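K.L.:
Below you will find the structure I want to go over with you.
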Amino acid sequence: MNNQLYEQDFNLWRETIIEKIKKQHFHESKNAKLGVRKPDESEYTLDFPLTLEQLLDEDFYGDVY
């Protein structure tokens with residue numbers, strides 16, 4: 001497979017994760033009884049801190065397991 005296909009899969013995965021996180025935060029803030037506000041969509045980061053190579057590199061995580 002070529003790198004473009006991997007990058008497309010990675011971008012799709014990243015967008016899916018971001019949407020799930022947004023929904024989770026919305027539900028948590030909706031159900032919060034401590035006055036936690038729902039963050040504005042502009043407050044969510046769209047940058048992913050890791051590269052595809054770092055995610056796929058087993059040695060990158062060290063002794064996390």
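Residue numbering restarts at 1 in every chain; chains get A, B, ... in the order shown in the structure tokens, and ligands count up from 1 in that same order.
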Identify, on the basis of only C-alpha atoms, every residue whose closest approach to A:Gln4 does not exceed 12 Å; exclude the query and any residue fewer than 6 positions from it along the same chain; express the result as a list of chain:residue names.

P.N.:
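With the cut-off at 12 Å, the set is A:Phe10, A:Asn11, A:Leu52.
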
K.L.:
Selected residues, C-alpha atoms, written as an mmCIF file, in the first residue's frame, please.

P.N.:
```cif
data_model
loop_
_atom_site.group_PDB
_atom_site.id
_atom_site.type_symbol
_atom_site.label_atom_id
_atom_site.label_comp_id
_atom_site.auth_asym_id
_atom_site.auth_seq_id
_atom_site.Cartn_x
_atom_site.Cartn_y
_atom_site.Cartn_z
ATOM 1 C CA PHE A 10 -5.039 8.017 9.584
ATOM 2 C CA ASN A 11 -6.940 11.237 8.841
ATOM 3 C CA LEU A 52 1.618 8.412 11.905
#
```

K.L.:
Pick out the residues sitting within 8 Å of A:Ile18, and hand them over as a PyMOL selection string; count only C-alpha atoms, and ignore anything fewer than 4 positions along from it in its own chain.

P.N.:
chain A and resi 14+22+46

K.L.:
One decimal, in Å: what's the spacing between atom CA of A:Tyr44 and atom CA of A:Lys23?

P.N.:
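Interatomic distance, atom CA of A:Tyr44 to atom CA of A:Lys23: 11.7 Å.
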